[in-house]
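**Q** What follows is target25.cif, mmCIF, C-alpha atoms.
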```
data_protein
#
loop_
_atom_site.group_PDB
_atom_site.id
_atom_site.type_symbol
_atom_site.label_atom_id
_atom_site.label_comp_id
_atom_site.auth_asym_id
_atom_site.auth_seq_id
_atom_site.Cartn_x
_atom_site.Cartn_y
_atom_site.Cartn_z
ATOM 1 C CA MET A 177 18.973 -25.372 -24.359
ATOM 2 C CA THR A 178 21.617 -27.091 -22.255
ATOM 3 C CA PRO A 179 20.846 -29.555 -19.440
ATOM 4 C CA GLU A 180 22.273 -26.966 -17.035
ATOM 5 C CA GLN A 181 19.726 -24.393 -18.205
ATOM 6 C CA LEU A 182 16.933 -26.939 -17.788
ATOM 7 C CA VAL A 183 17.974 -27.860 -14.238
ATOM 8 C CA ILE A 184 18.446 -24.254 -13.113
ATOM 9 C CA GLY A 185 15.250 -23.210 -14.880
ATOM 10 C CA ALA A 186 13.267 -25.950 -13.115
ATOM 11 C CA ILE A 187 14.728 -24.937 -9.735
ATOM 12 C CA ARG A 188 13.865 -21.283 -10.355
ATOM 13 C CA ILE A 189 10.304 -22.027 -11.497
ATOM 14 C CA PHE A 190 9.650 -24.362 -8.548
ATOM 15 C CA GLY A 191 11.015 -21.746 -6.142
ATOM 16 C CA SER A 192 8.650 -19.181 -7.656
ATOM 17 C CA LEU A 193 5.567 -21.300 -7.044
ATOM 18 C CA LEU A 194 6.018 -21.479 -3.265
ATOM 19 C CA VAL A 195 4.643 -17.938 -2.935
ATOM 20 C CA PHE A 196 1.199 -19.341 -3.766
ATOM 21 C CA ARG A 197 1.354 -21.464 -0.587
ATOM 22 C CA TRP A 198 3.143 -19.063 1.776
ATOM 23 C CA LEU A 199 2.873 -15.404 0.833
ATOM 24 C CA PHE A 200 5.758 -13.762 2.674
ATOM 25 C CA VAL A 201 7.999 -16.765 3.291
ATOM 26 C CA GLY A 202 7.361 -18.022 -0.249
ATOM 27 C CA ALA A 203 8.401 -14.628 -1.653
ATOM 28 C CA ILE A 204 11.619 -14.707 0.370
ATOM 29 C CA ILE A 205 12.325 -18.256 -0.842
ATOM 30 C CA ALA A 206 11.656 -17.245 -4.453
ATOM 31 C CA ILE A 207 14.167 -14.402 -4.180
ATOM 32 C CA ILE A 208 16.778 -16.617 -2.502
ATOM 33 C CA VAL A 209 16.287 -19.229 -5.228
ATOM 34 C CA ASP A 210 16.734 -16.435 -7.789
ATOM 35 C CA PHE A 211 20.147 -15.650 -6.265
ATOM 36 C CA SER A 212 21.047 -19.347 -6.128
ATOM 37 C CA ASP A 213 22.001 -19.301 -9.830
ATOM 38 C CA LEU A 214 25.554 -18.403 -8.892
ATOM 39 C CA PHE A 215 25.806 -21.469 -6.683
ATOM 40 C CA TRP A 216 24.260 -23.774 -9.284
ATOM 41 C CA MET A 217 26.467 -22.418 -12.079
ATOM 42 C CA GLY A 218 29.564 -23.218 -10.018
ATOM 43 C CA TRP A 219 28.341 -26.613 -8.870
ATOM 44 C CA LEU A 220 26.784 -28.014 -12.048
ATOM 45 C CA ASP A 221 28.793 -28.785 -15.131
ATOM 46 C CA LEU A 222 26.090 -29.617 -17.652
ATOM 47 C CA GLY A 223 26.857 -27.383 -20.602
ATOM 48 C CA GLY A 224 26.775 -23.871 -19.170
ATOM 49 C CA LEU A 225 24.164 -21.137 -19.381
ATOM 50 C CA GLY A 226 25.216 -19.198 -22.471
ATOM 51 C CA ASN A 227 24.127 -15.565 -22.117
ATOM 52 C CA TYR A 228 23.545 -15.558 -18.359
ATOM 53 C CA GLN A 229 22.015 -12.052 -18.145
ATOM 54 C CA GLU A 230 19.307 -12.839 -20.674
ATOM 55 C CA PHE A 231 18.684 -16.313 -19.205
ATOM 56 C CA ASP A 232 18.361 -14.818 -15.720
ATOM 57 C CA LYS A 233 15.958 -12.066 -16.799
ATOM 58 C CA TRP A 234 13.687 -14.544 -18.572
ATOM 59 C CA LEU A 235 13.582 -16.716 -15.448
ATOM 60 C CA ASP A 236 12.908 -13.656 -13.287
ATOM 61 C CA LEU A 237 9.560 -13.547 -15.052
ATOM 62 C CA ALA A 238 8.573 -16.782 -13.270
ATOM 63 C CA TYR A 239 8.604 -15.286 -9.793
ATOM 64 C CA MET A 240 7.481 -11.868 -11.023
ATOM 65 C CA LEU A 241 4.414 -13.362 -12.723
ATOM 66 C CA ALA A 242 3.621 -15.369 -9.585
ATOM 67 C CA PHE A 243 3.928 -12.196 -7.493
ATOM 68 C CA PHE A 244 1.828 -10.292 -10.033
ATOM 69 C CA VAL A 245 -1.001 -12.855 -10.042
ATOM 70 C CA ILE A 246 -1.160 -12.748 -6.249
ATOM 71 C CA SER A 247 -1.069 -8.944 -6.169
ATOM 72 C CA LEU A 248 -4.153 -8.799 -8.410
ATOM 73 C CA ARG A 249 -6.164 -10.059 -5.406
ATOM 74 C CA TRP A 250 -5.050 -7.220 -3.120
ATOM 75 C CA ASP A 251 -6.964 -4.075 -2.161
ATOM 76 C CA SER A 252 -6.967 -1.183 -4.614
ATOM 77 C CA VAL A 253 -3.868 0.810 -3.563
ATOM 78 C CA PRO A 254 -1.391 -2.081 -3.181
ATOM 79 C CA ARG A 255 -2.823 -3.759 -6.291
ATOM 80 C CA ASN A 256 -2.659 -0.621 -8.443
ATOM 81 C CA VAL A 257 0.897 0.174 -7.367
ATOM 82 C CA SER A 258 1.904 -3.449 -8.026
ATOM 83 C CA MET A 259 0.367 -3.418 -11.490
ATOM 84 C CA ASN A 260 2.171 -0.214 -12.423
ATOM 85 C CA LEU A 261 5.510 -1.394 -11.035
ATOM 86 C CA PHE A 262 5.187 -4.722 -12.858
ATOM 87 C CA VAL A 263 4.439 -3.007 -16.176
ATOM 88 C CA PHE A 264 7.304 -0.553 -15.574
ATOM 89 C CA ARG A 265 9.804 -3.382 -15.059
ATOM 90 C CA PHE A 266 8.347 -5.389 -17.927
ATOM 91 C CA VAL A 267 8.969 -2.466 -20.295
ATOM 92 C CA GLY A 268 12.599 -2.437 -19.124
ATOM 93 C CA PHE A 269 12.804 -6.205 -19.632
ATOM 94 C CA ILE A 270 11.455 -5.928 -23.200
ATOM 95 C CA LEU A 271 13.874 -3.112 -24.030
ATOM 96 C CA PHE A 272 16.790 -5.106 -22.574
ATOM 97 C CA SER A 273 15.737 -8.275 -24.421
ATOM 98 C CA THR A 274 15.432 -6.536 -27.767
ATOM 99 C CA THR A 275 18.578 -4.412 -27.525
ATOM 100 C CA GLY A 276 20.842 -6.335 -25.134
ATOM 101 C CA ASN A 277 21.625 -3.008 -23.447
ATOM 102 C CA ARG A 278 21.879 -3.549 -19.655
ATOM 103 C CA LEU A 279 21.329 0.156 -19.068
ATOM 104 C CA PHE A 280 17.593 -0.487 -19.475
ATOM 105 C CA LEU A 281 17.707 -2.724 -16.387
ATOM 106 C CA LEU A 282 19.002 0.228 -14.372
ATOM 107 C CA ILE A 283 16.605 2.747 -15.896
ATOM 108 C CA PHE A 284 13.676 0.400 -15.159
ATOM 109 C CA PRO A 285 14.687 -1.128 -11.793
ATOM 110 C CA ASN A 286 12.741 -4.021 -10.302
ATOM 111 C CA VAL A 287 11.082 -2.055 -7.517
ATOM 112 C CA PHE A 288 8.091 -4.366 -7.985
ATOM 113 C CA GLU A 289 9.933 -7.117 -6.094
ATOM 114 C CA PHE A 290 10.600 -4.899 -3.055
ATOM 115 C CA TRP A 291 7.054 -3.534 -3.126
ATOM 116 C CA PHE A 292 5.662 -7.057 -3.170
ATOM 117 C CA LEU A 293 7.827 -8.003 -0.186
ATOM 118 C CA PHE A 294 6.690 -4.900 1.677
ATOM 119 C CA VAL A 295 2.999 -5.621 1.102
ATOM 120 C CA ALA A 296 3.449 -9.341 1.882
ATOM 121 C CA ALA A 297 5.237 -8.406 5.130
ATOM 122 C CA THR A 298 2.468 -6.024 6.182
ATOM 123 C CA LYS A 299 -0.146 -8.688 5.425
ATOM 124 C CA HIS A 300 1.880 -11.148 7.521
ATOM 125 C CA TRP A 301 2.741 -8.956 10.540
ATOM 126 C CA ARG A 302 0.289 -6.033 10.370
ATOM 127 C CA PRO A 303 -2.814 -7.291 8.534
ATOM 128 C CA SER A 304 -4.885 -4.304 9.690
ATOM 129 C CA TYR A 305 -2.451 -1.770 8.134
ATOM 130 C CA GLN A 306 -4.274 0.280 5.519
ATOM 131 C CA LEU A 307 -2.336 1.799 2.633
ATOM 132 C CA ASN A 308 -3.471 4.980 0.952
ATOM 133 C CA TYR A 309 -1.620 6.645 -1.928
ATOM 134 C CA ARG A 310 0.244 9.024 0.380
ATOM 135 C CA LYS A 311 1.587 6.172 2.512
ATOM 136 C CA ALA A 312 2.280 4.165 -0.637
ATOM 137 C CA GLY A 313 4.397 7.020 -1.995
ATOM 138 C CA PHE A 314 6.532 7.004 1.126
ATOM 139 C CA TRP A 315 6.953 3.218 1.073
ATOM 140 C CA LEU A 316 7.746 3.306 -2.641
ATOM 141 C CA LEU A 317 10.646 5.656 -1.904
ATOM 142 C CA VAL A 318 11.852 3.220 0.756
ATOM 143 C CA CYS A 319 11.570 0.309 -1.702
ATOM 144 C CA LEU A 320 13.388 2.271 -4.399
ATOM 145 C CA SER A 321 16.159 3.120 -1.934
ATOM 146 C CA PHE A 322 16.634 -0.540 -1.037
ATOM 147 C CA LYS A 323 16.651 -1.500 -4.720
ATOM 148 C CA MET A 324 19.291 1.102 -5.554
ATOM 149 C CA ILE A 325 21.440 -0.102 -2.639
ATOM 150 C CA GLN A 326 21.075 -3.665 -3.915
ATOM 151 C CA GLU A 327 22.080 -2.630 -7.447
ATOM 152 C CA TRP A 328 25.094 -0.738 -6.122
ATOM 153 C CA ILE A 329 26.211 -3.783 -4.100
ATOM 154 C CA LEU A 330 25.736 -6.144 -7.033
#
```
Output the file's structure as structure tokens, nothing else.
**A**
Amino acid sequence: MTPEQLVIGAIRIFGSLLVFRWLFVGAIIAIIVDFSDLFWMGWLDLGGLGNYQEFDKWLDLAYMLAFFVISLRWDSVPRNVSMNLFVFRFVGFILFSTTGNRLFLLIFPNVFEFWFLFVAATKHWRPSYQLNYRKAGFWLLVCLSFKMIQEWIL
């Protein structure tokens, strides 16, 4: 592991932990820190990152696990949807890690991240909002739409 990987890894892990202190703002910070790799790669010259895609996906687990642990404390509908979305993405991550085929990242998109942000936002701005499975289905489609737009842009 290069010093550059250690520095960027430490930044990413620290950024992931802020969600335990501030739910919504911490989640936004964690996602911004996730995108900061491009900045750090251009600014640091400490040996490079090697296979960036694989490195990035492994570090994504830091914020995803933090989000997952927090989501286990939620009410039944948001928690159950979160658990399923996390497992769904984790299957895609395992398939990508074992095969190196990036197609698995598209087949198993990280909708979990958008769902977490949605639930964190409702807890922040509309704490009395109650999700049932019908409402969750609608919001899942919204989250999936945003994720697909993000993938298209990237």
**Q** Find the distance between CA of Val253 (chain A) and CA of Phe200 (chain A) and write it in Å to one decimal.
**A**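 Straight-line distance from CA of Val253 (chain A) to CA of Phe200 (chain A) works out to 18.5 Å.
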**Q** Which residues, named as in the file, does the PyMOL selection byres ((chain A and resi 300) around 12) pick out? Answer as a VMD selection string.
**A** chain A and resid 198 to 203 293 to 299 301 to 305
**Q** With the PyMOL selection byres ((chain A and resi 264) around 10) as the selection, what would be picked from this file? Answer as JSON, numbers by chain, please.
**A** {"A": [258, 259, 260, 261, 262, 263, 265, 266, 267, 268, 269, 283, 284, 285, 286, 287, 288]}
**Q** Which one of A:Asn308, A:Thr178, A:Ser321, A:Thr275 sits closest to Glu230 (chain A) if you count only C-alpha atoms?
**A**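 Nearest candidate to Glu230 (chain A) out of A:Asn308, A:Thr178, A:Ser321, A:Thr275: A:Thr275.
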**Q** So what does the PyMOL selection byres ((chain A and resi 191) around 8) actually pick up in this one, as a compact mmCIF listing (two decimals) with C-alpha atoms, in the coordinates of the input?
**A**
```
# COMPACT_ATOMS: atom_id res chain seq x y z
CA ILE A 187 14.73 -24.94 -9.74
CA ARG A 188 13.86 -21.28 -10.36
CA ILE A 189 10.30 -22.03 -11.50
CA PHE A 190 9.65 -24.36 -8.55
CA SER A 192 8.65 -19.18 -7.66
CA LEU A 193 5.57 -21.30 -7.04
CA LEU A 194 6.02 -21.48 -3.26
CA GLY A 202 7.36 -18.02 -0.25
CA ILE A 205 12.32 -18.26 -0.84
CA ALA A 206 11.66 -17.24 -4.45
CA VAL A 209 16.29 -19.23 -5.23
CA ASP A 210 16.73 -16.43 -7.79
CA TYR A 239 8.60 -15.29 -9.79
```
**Q** Tell me which of A:Gln181, A:Phe244, A:Trp219, A:Arg197 sits closest to Phe231 (chain A), counting only C-alpha atoms.
**A**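 Closest to Phe231 (chain A), using only C-alpha atoms: A:Gln181.
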**Q** In Å to one decimal, how far is CA of Ile325 (chain A) from CA of Ala312 (chain A)?
**A**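 CA of Ile325 (chain A) lies at a distance of 19.7 Å from CA of Ala312 (chain A).
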**Q** Taking only C-alpha atoms into account, name the residue in A:Ile184, A:Ile207, A:Cys319, A:Leu307 that is nearest to Met240 (chain A).
**A**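 Ranking A:Ile184, A:Ile207, A:Cys319, A:Leu307 by distance to Met240 (chain A), first place goes to A:Ile207.
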**Q** Go through A:Phe211, A:Trp234, A:Leu222, A:Ala242 one by one, measure the shortest atom-to-atom distance of each to Ser273 (chain A) using all atoms listed in the file, and give the residue with the smallest value.
**A**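 Among the listed residues, the smallest separation from Ser273 (chain A) belongs to A:Trp234.
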**Q** How far is it from CA of Arg310 (chain A) to CA of Ser252 (chain A), in Å with one decimal?
**A** 13.5 Å
**Q** Hey, which of A:Met217, A:Lys311, A:Gln326, A:Lys233 ends up closest to Leu271 (chain A)? Count only C-alpha atoms.
**A**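 Of A:Met217, A:Lys311, A:Gln326, A:Lys233, the one nearest Leu271 (chain A), counting only C-alpha atoms, is A:Lys233.
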**Q** Of the candidates A:Phe280, A:Phe215, A:Tyr228, A:Tyr309, which one gets nearest to Arg255 (chain A) if we count all atoms listed in the file?
**A**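 Closest to Arg255 (chain A), using all atoms listed in the file: A:Tyr309.
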